[in-house]
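Here is input21.tsv, consisting of TSV, C-alpha atoms:
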```
chain	number	residue	atom	x	y	z
A	1	MET	CA	0.00	0.00	0.00
A	2	LYS	CA	1.30	3.45	-0.85
A	3	SER	CA	2.05	5.91	1.97
A	4	LYS	CA	-0.73	8.26	0.90
A	5	GLU	CA	-3.30	5.47	1.00
A	6	LYS	CA	-1.96	4.25	4.36
A	7	ILE	CA	-2.34	7.74	5.82
A	8	LEU	CA	-5.91	8.11	4.53
A	9	ASN	CA	-6.95	4.69	5.87
A	10	ALA	CA	-5.47	5.47	9.28
A	11	ALA	CA	-7.08	8.94	9.33
A	12	LEU	CA	-10.49	7.51	8.43
A	13	LEU	CA	-10.28	4.95	11.23
A	14	LEU	CA	-9.26	7.52	13.84
A	15	TYR	CA	-11.78	10.19	12.78
A	16	ASN	CA	-14.59	7.63	12.83
A	17	GLU	CA	-13.60	6.31	16.23
A	18	GLN	CA	-12.60	9.48	18.04
A	19	GLY	CA	-14.06	12.44	16.16
A	20	ILE	CA	-12.38	15.22	14.20
A	21	ARG	CA	-11.62	17.49	17.15
A	22	ASN	CA	-9.60	14.92	19.07
A	23	ILE	CA	-7.33	13.75	16.25
A	24	THR	CA	-4.25	15.63	14.99
A	25	THR	CA	-1.90	14.73	12.11
A	26	ARG	CA	0.53	13.62	14.83
A	27	HIS	CA	-1.94	10.98	16.05
A	28	ILE	CA	-2.48	9.77	12.49
A	29	ALA	CA	1.26	9.47	11.80
A	30	ALA	CA	1.90	7.73	15.13
A	31	SER	CA	-0.86	5.16	14.53
A	32	ILE	CA	1.00	3.83	11.46
A	33	GLY	CA	4.53	4.32	12.81
A	34	MET	CA	5.26	7.17	10.40
A	35	SER	CA	7.18	10.35	11.20
A	36	GLY	CA	5.31	13.66	11.31
A	37	GLY	CA	7.65	14.95	8.60
A	38	ASN	CA	6.80	12.08	6.28
A	39	LEU	CA	3.05	12.61	6.72
A	40	HIS	CA	3.53	16.35	6.18
A	41	TYR	CA	5.30	15.55	2.88
A	42	HIS	CA	2.07	13.92	1.63
A	43	PHE	CA	-0.52	16.21	3.30
A	44	LYS	CA	0.42	19.74	4.34
A	45	HIS	CA	-2.67	20.32	6.49
A	46	THR	CA	-5.38	18.35	8.29
A	47	GLU	CA	-7.81	20.00	5.86
A	48	ASP	CA	-6.04	18.25	2.94
A	49	ILE	CA	-6.57	14.84	4.55
A	50	ILE	CA	-10.27	15.50	5.15
A	51	ARG	CA	-10.66	16.86	1.62
A	52	ALA	CA	-8.98	13.71	0.19
A	53	LEU	CA	-11.35	11.49	2.21
A	54	PHE	CA	-14.34	13.49	1.00
A	55	ASP	CA	-13.12	13.04	-2.59
A	56	GLU	CA	-12.81	9.27	-2.02
A	57	LEU	CA	-16.42	9.20	-0.82
A	58	ALA	CA	-17.67	11.26	-3.78
A	59	LEU	CA	-15.82	9.00	-6.23
A	60	ALA	CA	-17.20	5.82	-4.65
A	61	TYR	CA	-20.70	7.29	-4.86
A	62	ASP	CA	-20.14	8.14	-8.54
A	63	GLY	CA	-19.41	4.44	-9.13
A	64	LEU	CA	-22.58	3.46	-7.30
A	65	MET	CA	-24.73	5.81	-9.39
A	66	ALA	CA	-23.11	4.70	-12.65
A	67	ASN	CA	-23.89	1.13	-11.67
A	68	ALA	CA	-27.50	2.01	-10.81
A	69	GLN	CA	-27.95	3.60	-14.22
A	70	SER	CA	-26.60	0.56	-16.07
A	71	VAL	CA	-29.04	-2.05	-14.75
A	72	PRO	CA	-32.81	-2.38	-15.30
A	73	LEU	CA	-34.38	-0.76	-12.25
A	74	ASP	CA	-36.72	-2.80	-10.11
A	75	LEU	CA	-37.29	-3.04	-6.38
A	76	SER	CA	-34.36	-5.37	-5.76
A	77	ALA	CA	-32.03	-2.98	-7.65
A	78	ILE	CA	-33.34	-0.17	-5.42
A	79	ALA	CA	-32.70	-2.26	-2.29
A	80	PHE	CA	-29.16	-2.94	-3.50
A	81	LEU	CA	-28.58	0.77	-4.20
A	82	THR	CA	-29.90	1.68	-0.75
A	83	GLU	CA	-27.68	-0.89	0.95
A	84	SER	CA	-24.58	0.25	-0.96
A	85	SER	CA	-25.39	3.88	-0.17
A	86	PHE	CA	-25.68	3.15	3.53
A	87	LYS	CA	-22.41	1.21	3.54
A	88	LEU	CA	-20.64	4.24	2.07
A	89	VAL	CA	-22.21	6.65	4.55
A	90	ASN	CA	-21.20	4.30	7.35
A	91	LYS	CA	-17.64	3.88	6.04
A	92	TYR	CA	-17.15	7.67	6.00
A	93	ARG	CA	-19.38	8.27	8.99
A	94	PHE	CA	-17.26	11.04	10.55
A	95	ILE	CA	-18.05	13.25	7.53
A	96	PHE	CA	-21.82	12.87	7.96
A	97	ILE	CA	-21.75	13.19	11.74
A	98	ASN	CA	-19.78	16.47	11.46
A	99	PHE	CA	-21.06	17.64	8.08
A	100	VAL	CA	-22.06	21.23	8.89
A	101	GLU	CA	-18.92	21.81	10.94
A	102	ILE	CA	-16.67	20.40	8.19
A	103	GLY	CA	-18.51	22.47	5.57
A	104	ASN	CA	-17.94	25.67	7.54
A	105	TRP	CA	-14.35	24.79	8.35
A	106	ILE	CA	-13.36	23.74	4.80
A	107	PRO	CA	-15.45	25.82	2.34
A	108	GLU	CA	-14.04	23.81	-0.62
A	109	ILE	CA	-15.85	20.75	0.74
A	110	ARG	CA	-19.09	22.67	1.12
A	111	ASP	CA	-18.77	23.91	-2.48
A	112	ALA	CA	-17.93	20.42	-3.76
A	113	TYR	CA	-20.90	18.95	-1.87
A	114	TYR	CA	-23.25	21.59	-3.27
A	115	GLN	CA	-22.12	20.83	-6.85
A	116	LEU	CA	-22.37	17.13	-6.16
A	117	ILE	CA	-25.87	17.25	-4.75
A	118	ARG	CA	-27.06	19.04	-7.89
A	119	LYS	CA	-25.49	16.37	-10.08
A	120	ARG	CA	-27.02	13.65	-7.90
A	121	GLU	CA	-30.41	15.35	-8.14
A	122	GLN	CA	-30.34	14.95	-11.93
A	123	GLN	CA	-29.21	11.32	-11.59
A	124	PHE	CA	-31.95	10.50	-9.11
A	125	LEU	CA	-34.59	12.19	-11.25
A	126	LYS	CA	-33.57	9.87	-14.10
A	127	VAL	CA	-33.81	6.86	-11.76
A	128	PHE	CA	-37.26	8.15	-10.80
A	129	GLU	CA	-38.42	8.44	-14.43
A	130	ASN	CA	-37.11	4.93	-15.05
A	131	LEU	CA	-39.10	3.55	-12.14
A	132	ILE	CA	-42.22	5.25	-13.48
A	133	ALA	CA	-41.55	3.95	-17.01
A	134	ASN	CA	-41.05	0.43	-15.61
A	135	GLY	CA	-44.44	0.60	-13.88
A	136	ILE	CA	-42.94	0.40	-10.39
A	137	PHE	CA	-43.67	4.00	-9.34
A	138	ARG	CA	-47.08	5.64	-9.82
A	139	ASP	CA	-47.22	7.98	-12.79
A	140	ASP	CA	-49.26	10.87	-11.39
A	141	ILE	CA	-46.59	12.48	-9.24
A	142	PRO	CA	-46.32	16.27	-9.81
A	143	THR	CA	-42.90	17.38	-11.11
A	144	SER	CA	-42.25	19.57	-8.05
A	145	ASN	CA	-42.81	16.54	-5.81
A	146	LYS	CA	-40.19	14.55	-7.69
A	147	SER	CA	-37.34	16.92	-6.88
A	148	GLY	CA	-38.85	17.29	-3.40
A	149	LEU	CA	-38.66	13.53	-2.91
A	150	VAL	CA	-35.04	13.51	-4.09
A	151	LYS	CA	-34.21	16.24	-1.53
A	152	GLN	CA	-35.91	14.18	1.12
A	153	PHE	CA	-33.81	11.21	0.17
A	154	PHE	CA	-30.65	13.35	0.59
A	155	ILE	CA	-31.72	14.59	4.03
A	156	ILE	CA	-32.54	11.06	5.22
A	157	ASN	CA	-29.38	9.63	3.61
A	158	ASP	CA	-27.03	12.33	4.94
A	159	PHE	CA	-28.50	12.76	8.42
A	160	TRP	CA	-29.89	9.35	9.32
A	161	LEU	CA	-26.62	8.58	11.17
A	162	SER	CA	-26.86	11.82	13.17
A	163	HIS	CA	-30.45	11.02	14.14
A	164	ASN	CA	-29.33	7.51	15.10
A	165	GLU	CA	-26.49	8.91	17.26
A	166	LEU	CA	-29.01	11.00	19.19
A	167	THR	CA	-31.56	8.24	19.59
A	168	ASP	CA	-31.30	4.46	19.23
A	169	GLN	CA	-27.57	4.23	18.42
A	170	HIS	CA	-28.05	1.12	16.30
A	171	VAL	CA	-24.85	-0.45	14.95
A	172	GLY	CA	-23.92	-3.01	12.27
A	173	GLU	CA	-26.75	-5.01	10.68
A	174	ASP	CA	-29.33	-3.34	12.94
A	175	ALA	CA	-28.32	0.08	11.69
A	176	LEU	CA	-28.49	-1.09	8.07
A	177	ASN	CA	-31.96	-2.57	8.64
A	178	GLU	CA	-33.25	0.59	10.29
A	179	TYR	CA	-31.85	2.81	7.54
A	180	GLN	CA	-33.32	0.52	4.87
A	181	ASN	CA	-36.64	0.71	6.67
A	182	ALA	CA	-36.52	4.53	6.61
A	183	ILE	CA	-35.98	4.47	2.83
A	184	ASP	CA	-38.73	1.86	2.36
A	185	VAL	CA	-41.19	4.08	4.23
A	186	LEU	CA	-40.13	7.00	2.04
A	187	LEU	CA	-40.82	5.02	-1.14
A	188	TRP	CA	-43.89	3.06	0.01
A	189	PRO	CA	-46.56	5.58	-1.01
A	190	TYR	CA	-44.91	6.10	-4.42
A	191	LEU	CA	-45.18	2.46	-5.42
A	192	LYS	CA	-47.84	1.88	-8.06
A	193	ARG	CA	-49.18	-1.12	-6.18
A	194	HIS	CA	-49.86	1.04	-3.09
A	195	GLN	CA	-51.60	3.79	-5.03
B	1	MET	CA	-36.40	41.06	32.79
B	2	LYS	CA	-34.77	38.79	35.37
B	3	SER	CA	-31.01	38.24	35.19
B	4	LYS	CA	-31.43	34.56	34.39
B	5	GLU	CA	-33.69	35.35	31.43
B	6	LYS	CA	-31.33	38.11	30.26
B	7	ILE	CA	-28.41	35.67	30.29
B	8	LEU	CA	-30.33	33.01	28.35
B	9	ASN	CA	-31.50	35.50	25.70
B	10	ALA	CA	-27.95	36.82	25.26
B	11	ALA	CA	-26.51	33.29	25.08
B	12	LEU	CA	-29.08	32.21	22.47
B	13	LEU	CA	-28.24	35.21	20.30
B	14	LEU	CA	-24.49	34.63	20.50
B	15	TYR	CA	-24.64	30.85	19.98
B	16	ASN	CA	-26.90	31.29	16.96
B	17	GLU	CA	-24.66	33.95	15.44
B	18	GLN	CA	-21.22	32.64	16.27
B	19	GLY	CA	-21.51	28.94	17.10
B	20	ILE	CA	-20.97	27.10	20.37
B	21	ARG	CA	-17.21	26.72	20.11
B	22	ASN	CA	-16.47	30.44	19.80
B	23	ILE	CA	-18.59	31.68	22.71
B	24	THR	CA	-17.58	31.52	26.39
B	25	THR	CA	-19.56	32.57	29.47
B	26	ARG	CA	-17.28	35.62	29.52
B	27	HIS	CA	-18.57	36.71	26.09
B	28	ILE	CA	-22.15	36.21	27.21
B	29	ALA	CA	-21.69	38.25	30.39
B	30	ALA	CA	-19.86	41.04	28.51
B	31	SER	CA	-22.61	41.30	25.88
B	32	ILE	CA	-25.13	42.35	28.56
B	33	GLY	CA	-22.70	44.33	30.71
B	34	MET	CA	-22.78	41.76	33.51
B	35	SER	CA	-19.81	40.63	35.59
B	36	GLY	CA	-18.50	37.08	35.15
B	37	GLY	CA	-19.15	36.50	38.85
B	38	ASN	CA	-22.80	37.50	38.54
B	39	LEU	CA	-23.32	35.17	35.55
B	40	HIS	CA	-21.55	32.39	37.43
B	41	TYR	CA	-24.00	32.89	40.33
B	42	HIS	CA	-26.87	31.97	37.97
B	43	PHE	CA	-25.13	29.33	35.83
B	44	LYS	CA	-22.11	27.45	37.13
B	45	HIS	CA	-21.10	25.99	33.74
B	46	THR	CA	-21.63	26.62	30.01
B	47	GLU	CA	-23.38	23.24	30.01
B	48	ASP	CA	-26.02	24.60	32.39
B	49	ILE	CA	-26.82	27.46	30.00
B	50	ILE	CA	-27.16	25.13	27.03
B	51	ARG	CA	-29.27	22.72	29.08
B	52	ALA	CA	-31.57	25.60	30.13
B	53	LEU	CA	-31.97	26.68	26.49
B	54	PHE	CA	-32.75	23.09	25.47
B	55	ASP	CA	-35.40	22.95	28.23
B	56	GLU	CA	-36.93	26.22	26.95
B	57	LEU	CA	-37.17	24.67	23.48
B	58	ALA	CA	-38.73	21.44	24.78
B	59	LEU	CA	-41.28	23.42	26.82
B	60	ALA	CA	-42.24	25.62	23.86
B	61	TYR	CA	-42.69	22.49	21.73
B	62	ASP	CA	-44.91	20.97	24.44
B	63	GLY	CA	-47.17	24.02	24.14
B	64	LEU	CA	-47.28	23.62	20.37
B	65	MET	CA	-48.29	19.96	20.59
B	66	ALA	CA	-50.91	20.65	23.29
B	67	ASN	CA	-52.37	23.30	20.98
B	68	ALA	CA	-52.36	20.91	18.00
B	69	GLN	CA	-54.25	18.34	20.03
B	70	SER	CA	-56.93	20.82	21.10
B	71	VAL	CA	-58.12	21.91	17.63
B	72	PRO	CA	-59.88	19.91	14.90
B	73	LEU	CA	-57.13	18.79	12.54
B	74	ASP	CA	-57.35	19.78	8.91
B	75	LEU	CA	-54.75	20.86	6.37
B	76	SER	CA	-54.64	24.46	7.55
B	77	ALA	CA	-54.06	23.29	11.14
B	78	ILE	CA	-51.20	21.13	9.83
B	79	ALA	CA	-49.72	24.10	7.96
B	80	PHE	CA	-49.92	26.18	11.13
B	81	LEU	CA	-48.25	23.41	13.16
B	82	THR	CA	-45.49	23.11	10.56
B	83	GLU	CA	-44.88	26.84	10.52
B	84	SER	CA	-44.77	27.05	14.33
B	85	SER	CA	-42.42	24.07	14.45
B	86	PHE	CA	-40.03	25.67	11.98
B	87	LYS	CA	-40.06	28.96	13.88
B	88	LEU	CA	-39.00	27.12	17.04
B	89	VAL	CA	-36.24	25.20	15.24
B	90	ASN	CA	-35.03	28.46	13.75
B	91	LYS	CA	-35.18	30.31	17.07
B	92	TYR	CA	-32.98	27.65	18.71
B	93	ARG	CA	-31.02	26.92	15.53
B	94	PHE	CA	-27.64	26.45	17.23
B	95	ILE	CA	-29.01	23.35	18.98
B	96	PHE	CA	-30.07	21.71	15.70
B	97	ILE	CA	-26.93	22.73	13.80
B	98	ASN	CA	-24.74	21.18	16.54
B	99	PHE	CA	-27.12	18.50	17.78
B	100	VAL	CA	-24.84	15.44	17.70
B	101	GLU	CA	-21.94	17.39	19.21
B	102	ILE	CA	-24.13	18.81	22.00
B	103	GLY	CA	-25.60	15.35	22.66
B	104	ASN	CA	-22.14	13.84	23.06
B	105	TRP	CA	-20.88	16.77	25.13
B	106	ILE	CA	-23.90	16.95	27.48
B	107	PRO	CA	-25.31	13.42	27.87
B	108	GLU	CA	-28.25	14.78	29.92
B	109	ILE	CA	-29.46	16.59	26.80
B	110	ARG	CA	-29.14	13.46	24.69
B	111	ASP	CA	-31.14	11.52	27.31
B	112	ALA	CA	-33.78	14.25	27.53
B	113	TYR	CA	-34.05	14.36	23.72
B	114	TYR	CA	-34.43	10.59	23.53
B	115	GLN	CA	-37.27	10.64	26.09
B	116	LEU	CA	-38.84	13.58	24.31
B	117	ILE	CA	-38.78	12.01	20.89
B	118	ARG	CA	-40.59	8.96	22.25
B	119	LYS	CA	-43.27	11.18	23.80
B	120	ARG	CA	-43.55	13.13	20.53
B	121	GLU	CA	-43.87	9.89	18.58
B	122	GLN	CA	-47.00	9.01	20.58
B	123	GLN	CA	-48.38	12.54	20.11
B	124	PHE	CA	-47.77	12.46	16.36
B	125	LEU	CA	-49.32	9.02	16.02
B	126	LYS	CA	-52.48	10.45	17.61
B	127	VAL	CA	-52.40	13.39	15.18
B	128	PHE	CA	-52.04	10.80	12.40
B	129	GLU	CA	-55.05	8.79	13.57
B	130	ASN	CA	-57.05	12.01	13.80
B	131	LEU	CA	-56.18	12.92	10.21
B	132	ILE	CA	-57.27	9.47	9.08
B	133	ALA	CA	-60.51	9.70	11.09
B	134	ASN	CA	-61.20	13.15	9.58
B	135	GLY	CA	-60.82	11.73	6.07
B	136	ILE	CA	-57.75	13.83	5.27
B	137	PHE	CA	-55.21	10.99	5.30
B	138	ARG	CA	-55.74	7.72	3.44
B	139	ASP	CA	-56.83	4.88	5.72
B	140	ASP	CA	-54.80	1.97	4.29
B	141	ILE	CA	-51.39	2.88	5.72
B	142	PRO	CA	-49.68	-0.08	7.44
B	143	THR	CA	-49.00	0.50	11.16
B	144	SER	CA	-45.22	0.18	10.72
B	145	ASN	CA	-45.33	2.94	8.09
B	146	LYS	CA	-47.05	5.27	10.50
B	147	SER	CA	-44.22	5.27	13.03
B	148	GLY	CA	-41.79	5.31	10.09
B	149	LEU	CA	-43.41	8.46	8.77
B	150	VAL	CA	-43.21	10.07	12.20
B	151	LYS	CA	-39.48	9.24	12.34
B	152	GLN	CA	-39.07	10.76	8.90
B	153	PHE	CA	-40.78	13.92	10.10
B	154	PHE	CA	-38.29	14.11	13.00
B	155	ILE	CA	-35.28	13.69	10.71
B	156	ILE	CA	-36.56	16.36	8.29
B	157	ASN	CA	-37.58	18.67	11.15
B	158	ASP	CA	-34.34	18.29	13.13
B	159	PHE	CA	-31.87	18.29	10.23
B	160	TRP	CA	-33.48	20.45	7.56
B	161	LEU	CA	-31.45	23.43	8.84
B	162	SER	CA	-28.19	21.44	8.62
B	163	HIS	CA	-29.01	20.40	5.05
B	164	ASN	CA	-29.84	24.05	4.25
B	165	GLU	CA	-26.51	25.22	5.75
B	166	LEU	CA	-24.65	22.86	3.42
B	167	THR	CA	-26.67	23.70	0.32
B	168	ASP	CA	-28.94	26.67	-0.49
B	169	GLN	CA	-28.50	28.62	2.78
B	170	HIS	CA	-32.00	30.07	2.54
B	171	VAL	CA	-32.90	32.59	5.26
B	172	GLY	CA	-36.08	34.22	6.59
B	173	GLU	CA	-39.31	33.69	4.63
B	174	ASP	CA	-37.46	31.72	1.94
B	175	ALA	CA	-36.22	29.23	4.52
B	176	LEU	CA	-39.73	28.86	5.97
B	177	ASN	CA	-41.20	28.28	2.49
B	178	GLU	CA	-38.58	25.68	1.61
B	179	TYR	CA	-39.07	23.85	4.89
B	180	GLN	CA	-42.84	23.95	4.48
B	181	ASN	CA	-42.39	22.56	0.99
B	182	ALA	CA	-40.30	19.66	2.34
B	183	ILE	CA	-43.10	18.78	4.79
B	184	ASP	CA	-45.76	19.13	2.07
B	185	VAL	CA	-43.86	16.68	-0.13
B	186	LEU	CA	-43.61	14.29	2.83
B	187	LEU	CA	-47.39	14.41	3.37
B	188	TRP	CA	-48.53	14.62	-0.26
B	189	PRO	CA	-48.80	10.86	-0.97
B	190	TYR	CA	-50.60	10.28	2.34
B	191	LEU	CA	-53.47	12.62	1.50
B	192	LYS	CA	-56.68	10.76	0.68
B	193	ARG	CA	-57.29	12.94	-2.35
B	194	HIS	CA	-53.95	11.90	-3.86
B	195	GLN	CA	-54.47	8.19	-3.25
```

Let me see the structure of the file written as structure tokens.
Amino acid sequence: MKSKEKILNAALLLYNEQGIRNITTRHIAASIGMSGGNLHYHFKHTEDIIRALFDELALAYDGLMANAQSVPLDLSAIAFLTESSFKLVNKYRFIFINFVEIGNWIPEIRDAYYQLIRKREQQFLKVFENLIANGIFRDDIPTSNKSGLVKQFFIINDFWLSHNELTDQHVGEDALNEYQNAIDVLLWPYLKRHQ
Amino acid sequence: MKSKEKILNAALLLYNEQGIRNITTRHIAASIGMSGGNLHYHFKHTEDIIRALFDELALAYDGLMANAQSVPLDLSAIAFLTESSFKLVNKYRFIFINFVEIGNWIPEIRDAYYQLIRKREQQFLKVFENLIANGIFRDDIPTSNKSGLVKQFFIINDFWLSHNELTDQHVGEDALNEYQNAIDVLLWPYLKRHQ
């Protein structure tokens, strides 16, 4: 594994376990037996490490969406997309738990997220149209509700972990099941068979 | 105005404007021309101020729910409840923007929130049943979806501001309209007339 990758993996682990305010580049270097100088050669500032992890997440999500657009969409494809989405959110959980703080601290990330969410909105609207065309979703949904539903998906997707932290604190399979349930409830009334 | 009330109003203003990490009890005291000793007489720790503000919020929300349960529920009552709810969230915005952090920092608040959300769930389920009985909501919603929808309302209600911070950053009337729109989209497919 390359040094850069090693640093990012170690940083992700520490941020997820101990939060962004308790971890310095020194902790990250020490956890993989690397000198501070060597880490500094790869990442000048903490912000650069967090930015690189955010980019990893965005790239992985791009792959997920490309995959979703290449298969015929039915309910099992949606369940697979939901599961993969949750696994990504959970892998990079420190970002979602501290999203507003990170966005204020590193404006580049906020800007990148804002661009990204607009791209995703278009992608999800296409998924939506596909599900209507395939007879899975009802076909009488007003246009304004479609983008509204996509926004709702983003809020649930991006803040479900925060809600969970404040309430049930589910972990592992339980967390996945609860998240999946939240998405199912969101989609339930849009299914043609429940019209 | 009593000193205690003065301190809480000043703290709310400063936390909302400048965040919880940049404001000390010293700043709060200075902003109302009070000595640090006098403030300390009323609130021993920063945590006590934040706890008191959380309690104010919870109490105001209790009033809102009591009111909602005392009037016949129709769509205009729902719109009024939504608007009042948003105004409260916006008034105490620093709590919602930093909710996970505050919950980890002050476990009493996390515990109180957890109790509260379970009480609210029961209250909202009653509102739900009322809307079904009044012929406004469709009557074929599975029981598990009802509590799922209530959870969804909590996630949208509690994290809409965070999502807004990261994206459009609407303020004032615009923010209220966008929030109201998010709730309308959530309810749209549950209305009997859209079945």

Using all atoms listed in the file, find all polymer residues with an atom at most 10 Å away from the point (-29.9, 8.3, 12.2); report them as a PDB file with C-alpha atoms, keeping the file's coordinate frame.
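Contents of the output file result.pdb:
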```
ATOM      1  CA  ILE A  97     -21.750  13.190  11.740  1.00  0.00           C
ATOM      2  CA  ILE A 156     -32.540  11.060   5.220  1.00  0.00           C
ATOM      3  CA  ASN A 157     -29.380   9.630   3.610  1.00  0.00           C
ATOM      4  CA  ASP A 158     -27.030  12.330   4.940  1.00  0.00           C
ATOM      5  CA  PHE A 159     -28.500  12.760   8.420  1.00  0.00           C
ATOM      6  CA  TRP A 160     -29.890   9.350   9.320  1.00  0.00           C
ATOM      7  CA  LEU A 161     -26.620   8.580  11.170  1.00  0.00           C
ATOM      8  CA  SER A 162     -26.860  11.820  13.170  1.00  0.00           C
ATOM      9  CA  HIS A 163     -30.450  11.020  14.140  1.00  0.00           C
ATOM     10  CA  ASN A 164     -29.330   7.510  15.100  1.00  0.00           C
ATOM     11  CA  GLU A 165     -26.490   8.910  17.260  1.00  0.00           C
ATOM     12  CA  LEU A 166     -29.010  11.000  19.190  1.00  0.00           C
ATOM     13  CA  THR A 167     -31.560   8.240  19.590  1.00  0.00           C
ATOM     14  CA  ASP A 168     -31.300   4.460  19.230  1.00  0.00           C
ATOM     15  CA  GLN A 169     -27.570   4.230  18.420  1.00  0.00           C
ATOM     16  CA  HIS A 170     -28.050   1.120  16.300  1.00  0.00           C
ATOM     17  CA  ALA A 175     -28.320   0.080  11.690  1.00  0.00           C
ATOM     18  CA  GLU A 178     -33.250   0.590  10.290  1.00  0.00           C
ATOM     19  CA  TYR A 179     -31.850   2.810   7.540  1.00  0.00           C
ATOM     20  CA  ALA A 182     -36.520   4.530   6.610  1.00  0.00           C
TER      21      ALA A 182
ATOM     22  CA  LYS B 151     -39.480   9.240  12.340  1.00  0.00           C
ATOM     23  CA  ILE B 155     -35.280  13.690  10.710  1.00  0.00           C
TER      24      ILE B 155
END
```

Best match for closeness to chain B among A:Ala30, A:Leu187, A:Val100, A:Val171, counting all atoms listed in the file: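 Looking at the shortest contact to chain B, the residue is A:Val100.
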
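Residues in contact range of Leu14 in chain B, defined as at most 12 Å between all atoms listed in the file, with sequence neighbours fewer than 6 positions away removed, read Ile7, Leu8, Ile20, Arg21, Asn22, Ile23, Thr24, Thr25, Arg26, His27, Ile28, Ala29, Ala30, Ser31, Ile32, Ile50, Tyr92, Arg93 and Phe94 of chain B.
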
Show me as a PyMOL selection string the residues that reach within 12 Å of (-43.2, 7.7, 19.1), counting all atoms listed in the file and using the file's own coordinates. (chain A and resi 167) or (chain B and resi 114-128+144+146-154)

Ranking B:Gln180, B:Val185, B:Leu13, B:Asn130 by minimum distance to Val71 in chain B and counting only C-alpha atoms, which one comes first?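 Among B:Gln180, B:Val185, B:Leu13, B:Asn130, it is B:Asn130 that comes nearest to Val71 in chain B.
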
Nearest residue to chain A from the set B:Gln18, B:Asn90, B:Gly63, B:Ile78 (distances using only C-alpha atoms): B:Gln18

Please compute the CA of Arg138 in chain A-CA of Arg193 in chain A distance, one decimal, in Å.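 It comes out at 8.0 Å.
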
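Take CA of Thr46 in chain A and CA of Asn104 in chain B: the distance between them is 22.8 Å.
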
Compile the contact shell of Asp48 in chain B as number ranges by chain: residues with an atom at most 12 Å away, counting all atoms listed in the file, same-chain residues fewer than 2 positions apart removed. B: 4, 7-8, 11, 25, 39-46, 50-55, 105-106, 108-109

Interatomic distance, CA of Gly37 in chain A to CA of Gly19 in chain A (Å, one decimal):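 Pair CA of Gly37 in chain A / CA of Gly19 in chain A returns 23.1 Å.
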
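By chain and then residue number, the residues within 10 Å of Ile132 in chain A are Leu73, Lys126, Val127, Phe128, Glu129, Gly135, Ile136, Phe137, Arg138, Asp139, Asp140, Ile141, Tyr190, Leu191 and Lys192 of chain A, counting all atoms listed in the file and disregarding those fewer than 3 positions away in sequence.
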
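Nearest to chain A of all the residues B:Asn98, B:Asn67, B:Asn16, B:Asn177 is B:Asn98, based on all atoms listed in the file.
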
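Each of B:Asn9, B:Glu47, B:Asn145, B:Lys2 was compared to Asn181 in chain A using only C-alpha atoms, and B:Asn145 turns out to be the nearest.
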
Using all atoms listed in the file for the distances, tell me which of A:Leu186, A:Leu12, A:Ile49, A:Leu64 is nearest to Lys91 in chain A.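 Ranked by minimum distance to Lys91 in chain A, first place goes to A:Leu12.
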